[in-house]
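**Student:** Got run.txt for you, compact mmCIF, C-alpha atoms:
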# COMPACT_ATOMS: atom_id res chain seq x y z
CA MET A 1 -0.95 65.82 96.42
CA ASN A 2 1.71 65.15 98.97
CA MET A 3 4.37 65.67 96.31
CA LEU A 4 2.95 69.05 95.41
CA ARG A 5 2.96 70.09 99.04
CA PHE A 6 6.65 69.03 99.39
CA LEU A 7 7.73 70.99 96.31
CA GLY A 8 5.84 74.06 97.49
CA SER A 9 7.47 73.89 100.89
CA SER A 10 10.95 73.56 99.35
CA PHE A 11 10.38 76.58 97.11
CA VAL A 12 9.23 78.69 100.05
CA LEU A 13 12.31 77.60 102.04
CA VAL A 14 14.69 78.54 99.20
CA ILE A 15 13.10 81.97 98.89
CA ALA A 16 13.43 82.48 102.64
CA LEU A 17 17.14 81.51 102.72
CA ALA A 18 18.17 83.55 99.63
CA PRO A 19 19.21 86.75 101.59
CA ALA A 20 21.30 84.70 103.99
CA LEU A 21 23.15 82.98 101.12
CA ALA A 22 23.81 86.35 99.48
CA SER A 23 25.20 87.72 102.77
CA ALA A 24 27.48 84.69 103.15
CA GLN A 25 28.87 85.18 99.65
CA THR A 26 29.58 88.83 100.41
CA ILE A 27 31.40 87.93 103.59
CA GLN A 28 33.38 85.28 101.80
CA GLY A 29 34.34 87.81 99.14
CA GLN A 30 35.58 90.19 101.81
CA ILE A 31 37.68 87.47 103.36
CA ILE A 32 39.26 86.69 100.00
CA ILE A 33 40.09 90.35 99.44
CA GLN A 34 41.68 90.62 102.87
CA GLU A 35 43.82 87.54 102.27
CA ALA A 36 45.07 89.02 98.98
CA SER A 37 45.93 92.35 100.60
CA PRO A 38 49.53 93.45 99.76
CA GLN A 39 50.05 94.42 103.38
CA GLN A 40 50.16 90.73 104.34
CA THR A 41 52.32 89.58 101.40
CA THR A 42 55.86 88.49 102.38
CA MET A 43 58.97 89.24 100.21
CA ALA A 44 60.50 86.30 98.38
CA PRO A 45 64.17 85.55 99.12
CA PRO A 46 66.71 86.68 96.49
CA PRO A 47 67.53 84.13 93.81
CA SER A 48 70.56 81.93 94.33
CA GLY A 49 73.89 83.30 93.05
CA TYR A 50 73.29 86.84 94.25
CA ILE A 51 75.37 88.32 97.11
CA VAL A 52 73.78 90.90 99.34
CA ALA A 53 76.43 93.56 100.02
CA ALA A 54 77.01 94.44 103.64
CA PRO A 55 76.97 98.12 104.58
CA ALA A 56 80.35 99.76 104.12
CA VAL A 57 82.31 100.40 107.27
CA ALA A 58 85.06 103.01 107.25
CA PRO A 59 88.40 101.40 108.17
CA THR A 60 89.94 102.60 111.35
CA GLN A 61 93.39 104.18 111.26
CA PRO A 62 95.90 101.87 112.99
CA GLN A 63 97.98 103.42 115.73
CA CYS A 64 101.79 103.33 115.47
CA PRO A 65 104.14 103.70 118.45
CA VAL A 66 105.26 107.17 119.44
CA GLY A 67 107.96 108.47 117.13
CA SER A 68 106.89 106.41 114.12
CA THR A 69 104.60 107.08 111.17
CA LEU A 70 102.41 104.80 109.08
CA MET A 71 103.79 104.91 105.54
CA PRO A 72 104.74 102.55 102.66
CA ASN A 73 108.02 100.67 103.08
CA ARG A 74 110.40 99.75 100.24
CA PHE A 75 108.04 96.93 99.21
CA GLY A 76 105.04 99.26 99.04
CA GLN A 77 103.41 97.80 102.16
CA MET A 78 102.04 100.00 104.92
CA SER A 79 104.34 99.81 107.96
CA CYS A 80 105.17 101.83 111.04
CA MET A 81 108.33 103.67 109.97
CA SER A 82 110.68 105.94 111.89
CA GLN A 83 113.56 108.15 110.78
CA VAL A 84 117.01 106.90 111.74
CA GLN A 85 120.51 108.09 110.94
CA ARG A 86 122.56 105.78 108.77
CA HIS A 87 126.07 106.00 107.33
CA ARG A 88 126.52 105.12 103.67
CA VAL A 89 129.36 105.11 101.17
CA ASN A 90 129.16 107.63 98.34
CA GLY A 91 129.17 105.23 95.41
CA GLY A 92 129.33 107.89 92.70
CA LEU A 93 132.30 109.66 94.21
CA LEU A 94 134.04 106.37 94.94
CA GLY A 95 133.63 105.10 91.37
CA ALA A 96 134.83 108.35 89.82
CA GLY A 97 137.89 108.39 92.07
CA ILE A 98 138.83 104.83 91.14
CA GLY A 99 138.45 105.67 87.45
CA LEU A 100 140.67 108.76 87.61
CA LEU A 101 143.32 107.05 89.70
CA ALA A 102 143.48 103.97 87.47
CA GLY A 103 143.40 106.02 84.28
CA GLY A 104 146.23 108.31 85.39
CA TRP A 105 148.31 105.36 86.51
CA VAL A 106 147.91 103.56 83.17
CA LEU A 107 149.01 106.72 81.32
CA GLU A 108 152.05 106.98 83.59
CA ILE A 109 153.13 103.38 82.90
CA VAL A 110 152.66 103.74 79.13
CA SER A 111 154.61 107.01 78.96
CA THR A 112 157.41 105.50 81.10
CA LEU A 113 157.78 102.54 78.76
CA VAL A 114 157.85 104.77 75.69
CA THR A 115 160.38 107.26 77.10
CA THR A 116 162.74 104.63 78.53
CA VAL A 117 162.79 102.67 75.28
CA GLY A 118 163.34 105.91 73.39
CA GLY A 119 166.24 106.83 75.70
CA VAL A 120 167.93 103.47 75.16
CA ILE A 121 167.54 103.76 71.39
CA GLY A 122 168.86 107.31 71.45
CA CYS A 123 171.91 106.26 73.44
CA SER A 124 172.66 103.47 71.01
CA VAL A 125 173.03 105.97 68.19
CA GLY A 126 175.29 108.21 70.27
CA ALA A 127 172.86 110.74 71.80
CA GLY A 128 171.61 111.09 75.37
CA CYS A 129 173.89 108.49 76.88
CA ASP A 130 174.69 110.73 79.82
CA TRP A 131 171.11 110.37 81.03
CA ILE A 132 171.30 106.58 80.82
CA THR A 133 174.72 106.20 82.38
CA SER A 134 173.77 108.44 85.28
CA GLY A 135 171.56 107.40 88.14
CA ARG A 136 168.72 109.57 86.88
CA PHE A 137 167.66 106.99 84.30
CA ASN A 138 167.23 104.27 86.89
CA THR A 139 165.26 106.59 89.17
CA TYR A 140 163.06 107.68 86.25
CA SER A 141 162.39 104.06 85.26
CA TRP A 142 161.26 102.64 88.59
CA SER A 143 159.34 105.76 89.66
CA GLY A 144 157.21 105.43 86.51
CA TYR A 145 155.39 102.49 88.14
CA VAL A 146 154.67 104.27 91.43
CA PRO A 147 151.15 105.74 91.52
CA VAL A 148 150.40 109.37 92.46
CA ILE A 149 153.95 110.52 93.36
CA GLY A 150 155.74 108.75 90.50
CA PRO A 151 155.14 111.46 87.87
CA TYR A 152 156.57 114.15 90.16
CA ILE A 153 159.75 112.09 90.74
CA GLN A 154 160.08 111.65 86.98
CA MET A 155 159.82 115.41 86.44
CA ALA A 156 162.95 115.83 88.60
CA THR A 157 164.92 113.11 86.78
CA LEU A 158 164.19 113.92 83.12
CA TRP A 159 167.05 114.03 80.64
CA ASN A 160 168.81 117.25 79.83
CA ASN A 161 167.05 119.61 77.46
CA ALA A 162 163.77 117.68 77.78
CA ASP A 163 160.83 119.15 75.88
CA PRO A 164 158.55 121.36 78.05
CA GLY A 165 155.62 119.30 76.85
CA MET A 166 157.06 116.31 78.72
CA TYR A 167 156.89 118.23 82.00
CA ALA A 168 153.27 119.19 81.28
CA TRP A 169 152.38 115.57 80.47
CA LEU A 170 153.86 114.28 83.70
CA LEU A 171 152.08 117.01 85.63
CA ILE A 172 148.73 115.97 84.12
CA GLU A 173 149.37 112.34 85.05
CA GLY A 174 150.14 113.34 88.64
CA LEU A 175 147.07 115.59 88.94
CA LEU A 176 144.74 112.91 87.58
CA GLN A 177 145.98 110.37 90.08
CA ALA A 178 145.99 112.81 93.01
CA GLY A 179 142.43 113.93 92.19
CA GLY A 180 141.26 110.34 91.81
CA LEU A 181 142.82 109.36 95.13
CA THR A 182 141.13 112.29 96.88
CA MET A 183 137.71 111.41 95.46
CA LEU A 184 138.22 107.75 96.36
CA ILE A 185 138.99 108.62 99.98
CA PHE A 186 135.98 110.90 100.41
CA GLY A 187 133.72 108.43 98.64
CA ALA A 188 134.85 105.61 100.94
CA LEU A 189 134.38 107.76 104.02
CA GLY A 190 130.80 108.37 102.92
CA GLU A 191 128.28 110.51 104.76
CA ASP A 192 125.45 110.32 107.28
CA GLU A 193 121.86 110.61 106.13
CA MET A 194 118.37 110.28 107.58
CA VAL A 195 116.37 107.34 106.22
CA TRP A 196 112.94 105.85 106.95
CA GLU A 197 113.04 102.31 108.32
CA PRO A 198 110.57 100.00 110.15
CA ILE A 199 110.66 100.59 113.87
CA ALA A 200 113.51 98.72 115.58
CA GLY A 201 112.69 95.15 116.57
CA LEU A 202 109.18 95.21 115.12
CA ASP A 203 108.05 95.35 111.51
CA VAL A 204 104.30 95.98 111.45
CA GLN A 205 102.58 95.77 108.08
CA PHE A 206 98.97 96.79 107.44
CA ALA A 207 96.72 95.68 104.61
CA PRO A 208 93.04 96.30 103.82
CA MET A 209 90.65 93.51 104.89
CA LEU A 210 87.41 93.28 102.94
CA SER A 211 84.68 90.65 103.17
CA ALA A 212 80.92 90.39 103.01
CA THR A 213 80.65 91.02 106.73
CA THR A 214 83.82 92.90 107.72
CA GLN A 215 85.74 95.89 106.37
CA GLY A 216 88.86 97.25 108.01
CA MET A 217 92.63 96.78 108.30
CA SER A 218 94.70 93.71 109.12
CA ALA A 219 98.07 93.96 110.86
CA THR A 220 101.03 91.58 110.56
CA ALA A 221 103.94 91.92 113.02
CA ARG A 222 107.42 90.53 112.38
CA PHE A 223 109.91 90.34 115.25
With the file now loaded, output its structure as structure tokens.

**Tutor:**
Amino acid sequence: MNMLRFLGSSFVLVIALAPALASAQTIQGQIIIQEASPQQTTMAPPPSGYIVAAPAVAPTQPQCPVGSTLMPNRFGQMSCMSQVQRHRVNGGLLGAGIGLLAGGWVLEIVSTLVTTVGGVIGCSVGAGCDWITSGRFNTYSWSGYVPVIGPYIQMATLWNNADPGMYAWLLIEGLLQAGGLTMLIFGALGEDEMVWEPIAGLDVQFAPMLSATTQGMSATARF
């Protein structure tokens, strides 16, 4: 009998507590839903090996001293350059003048050797000996080794009845040497020109500087 009373009391107690248990389960379900809400979920860090790029920053334009301009130098590096006047030798004109002068002088020496040997041979067979015995032959011989003015001296000391072509040949030799000497002089004198050079006493070179945290320009100064 007592056992039956205990079982009956337990059954009545379970029936009485059933709504409360159901309410607790509902509340617990709401708590679980709130904990799983995406609003409270934190972002996971990026996997290892990835680099997060920093926001790009426009490089600032470096300031050069007054009278200079930022531009590439002869090595292609950005430097503060200014225009200066420099004197230079005209290499093309100098080389051409040397070539003409040397070429005309060689022709003069060769023609002198040929004509003097020919005069001696001609005298030995009995013709043209008056040119050799006179002082004109000696003057013609040594003047043939004098540059520029030698051909003109030879024109005045040729043998009698010399071919007109010989006068023309000597004239060409003299003109070649005179023209070469003129070009050589002007080429050596050179000319003034305006050139771009790093500012005097300071060579500033700029290079881009890029990293994960900094973007801009780096400057290197050489005194």

**Student:** Report, in Å to a single decimal, how far apart CA of Gly91 (chain A) and CA of Ile149 (chain A) are.

**Tutor:**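 Atom-to-atom, CA of Ile149 (chain A) to CA of Gly91 (chain A), that is 25.4 Å.
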
**Student:** So which one's closest to Leu176 (chain A), A:Val106, A:Gln77, A:Thr116, A:Cys123? Using all atoms listed in the file, please.

**Tutor:** A:Val106

**Student:** Neighbours of region 130-143 of chain A within 10 Å (all atoms listed in the file; same-chain residues fewer than 3 positions away dropped), as a PyMOL selection string?

**Tutor:** chain A and resi 108-109+112-113+115-116+119-120+122-123+126-127+146-147+149-160

**Student:** May I ask which of the residues A:Tyr145, A:Tyr167, A:Phe75, A:Phe186 is the closest one to Gly97 (chain A), counting only C-alpha atoms?

**Tutor:**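 With only C-alpha atoms as the atom set, the closest residue is A:Phe186.
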
**Student:** Could you check which residues have any atom within 10 Å of (116.4, 99.8, 102.4), counting all atoms listed in the file with coordinates taken straight from the file, and then list them as a list in words?

**Tutor:**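 Using all atoms listed in the file, the matching residues come out as Asn73, Arg74, Phe75, Val195, Trp196, Glu197 and Pro198 of chain A.
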
**Student:** Could you tell me which of A:Ala96, A:Met166, A:Met71, A:Ile121 comes closest to Leu181 (chain A) if we count only C-alpha atoms?

**Tutor:**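 Closest to Leu181 (chain A) of all the choices is A:Ala96.
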
**Student:** Go through A:Leu171, A:Val89, A:Cys64, A:Val84 and flag the residue nearest Gly187 (chain A), using only C-alpha atoms for the distances.

**Tutor:**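 Going through A:Leu171, A:Val89, A:Cys64, A:Val84 one by one, the smallest distance to Gly187 (chain A) is for A:Val89.
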
**Student:** Between CA of Met183 (chain A) and CA of Gly103 (chain A), measure the distance and give it in Å to one decimal.

**Tutor:**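 Spanning CA of Met183 (chain A) to CA of Gly103 (chain A) is a straight-line distance of 13.7 Å.
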
**Student:** What would region 142-160 of chain A look like with N, CA and C atoms restored, written as a PDB file, in the coordinates of the input?

**Tutor:**
ATOM      1  N   TRP A 142     162.073 103.290  87.561  1.00  0.00           N
ATOM      2  CA  TRP A 142     161.260 102.640  88.590  1.00  0.00           C
ATOM      3  C   TRP A 142     160.164 103.534  89.143  1.00  0.00           C
ATOM      4  N   SER A 143     160.374 104.855  89.149  1.00  0.00           N
ATOM      5  CA  SER A 143     159.340 105.760  89.660  1.00  0.00           C
ATOM      6  C   SER A 143     158.138 105.835  88.711  1.00  0.00           C
ATOM      7  N   GLY A 144     158.331 105.411  87.455  1.00  0.00           N
ATOM      8  CA  GLY A 144     157.210 105.430  86.510  1.00  0.00           C
ATOM      9  C   GLY A 144     156.133 104.403  86.819  1.00  0.00           C
ATOM     10  N   TYR A 145     156.390 103.497  87.761  1.00  0.00           N
ATOM     11  CA  TYR A 145     155.390 102.490  88.140  1.00  0.00           C
ATOM     12  C   TYR A 145     154.813 102.754  89.537  1.00  0.00           C
ATOM     13  N   VAL A 146     155.192 103.885  90.111  1.00  0.00           N
ATOM     14  CA  VAL A 146     154.670 104.270  91.430  1.00  0.00           C
ATOM     15  C   VAL A 146     153.489 105.215  91.227  1.00  0.00           C
ATOM     16  N   PRO A 147     152.301 104.869  91.723  1.00  0.00           N
ATOM     17  CA  PRO A 147     151.150 105.740  91.520  1.00  0.00           C
ATOM     18  C   PRO A 147     151.248 107.044  92.314  1.00  0.00           C
ATOM     19  N   VAL A 148     150.588 108.060  91.843  1.00  0.00           N
ATOM     20  CA  VAL A 148     150.400 109.370  92.460  1.00  0.00           C
ATOM     21  C   VAL A 148     151.702 110.182  92.497  1.00  0.00           C
ATOM     22  N   ILE A 149     152.727 109.717  93.218  1.00  0.00           N
ATOM     23  CA  ILE A 149     153.950 110.520  93.360  1.00  0.00           C
ATOM     24  C   ILE A 149     154.981 110.203  92.282  1.00  0.00           C
ATOM     25  N   GLY A 150     154.773 109.119  91.521  1.00  0.00           N
ATOM     26  CA  GLY A 150     155.740 108.750  90.500  1.00  0.00           C
ATOM     27  C   GLY A 150     155.973 109.819  89.446  1.00  0.00           C
ATOM     28  N   PRO A 151     154.918 110.438  88.886  1.00  0.00           N
ATOM     29  CA  PRO A 151     155.140 111.460  87.870  1.00  0.00           C
ATOM     30  C   PRO A 151     155.966 112.650  88.370  1.00  0.00           C
ATOM     31  N   TYR A 152     155.814 113.011  89.634  1.00  0.00           N
ATOM     32  CA  TYR A 152     156.570 114.150  90.160  1.00  0.00           C
ATOM     33  C   TYR A 152     158.053 113.794  90.314  1.00  0.00           C
ATOM     34  N   ILE A 153     158.343 112.537  90.677  1.00  0.00           N
ATOM     35  CA  ILE A 153     159.750 112.090  90.740  1.00  0.00           C
ATOM     36  C   ILE A 153     160.360 112.100  89.334  1.00  0.00           C
ATOM     37  N   GLN A 154     159.580 111.683  88.351  1.00  0.00           N
ATOM     38  CA  GLN A 154     160.080 111.650  86.980  1.00  0.00           C
ATOM     39  C   GLN A 154     160.381 113.062  86.453  1.00  0.00           C
ATOM     40  N   MET A 155     159.569 114.026  86.878  1.00  0.00           N
ATOM     41  CA  MET A 155     159.820 115.410  86.440  1.00  0.00           C
ATOM     42  C   MET A 155     161.195 115.888  86.909  1.00  0.00           C
ATOM     43  N   ALA A 156     161.646 115.401  88.064  1.00  0.00           N
ATOM     44  CA  ALA A 156     162.950 115.830  88.600  1.00  0.00           C
ATOM     45  C   ALA A 156     164.113 115.043  88.025  1.00  0.00           C
ATOM     46  N   THR A 157     163.835 113.960  87.310  1.00  0.00           N
ATOM     47  CA  THR A 157     164.920 113.110  86.780  1.00  0.00           C
ATOM     48  C   THR A 157     164.878 113.004  85.260  1.00  0.00           C
ATOM     49  N   LEU A 158     164.226 113.942  84.592  1.00  0.00           N
ATOM     50  CA  LEU A 158     164.190 113.920  83.120  1.00  0.00           C
ATOM     51  C   LEU A 158     165.583 114.177  82.551  1.00  0.00           C
ATOM     52  N   TRP A 159     165.772 113.797  81.312  1.00  0.00           N
ATOM     53  CA  TRP A 159     167.050 114.030  80.640  1.00  0.00           C
ATOM     54  C   TRP A 159     167.256 115.511  80.379  1.00  0.00           C
ATOM     55  N   ASN A 160     168.472 115.845  80.099  1.00  0.00           N
ATOM     56  CA  ASN A 160     168.810 117.250  79.830  1.00  0.00           C
ATOM     57  C   ASN A 160     168.106 117.735  78.563  1.00  0.00           C
TER      58      ASN A 160
END
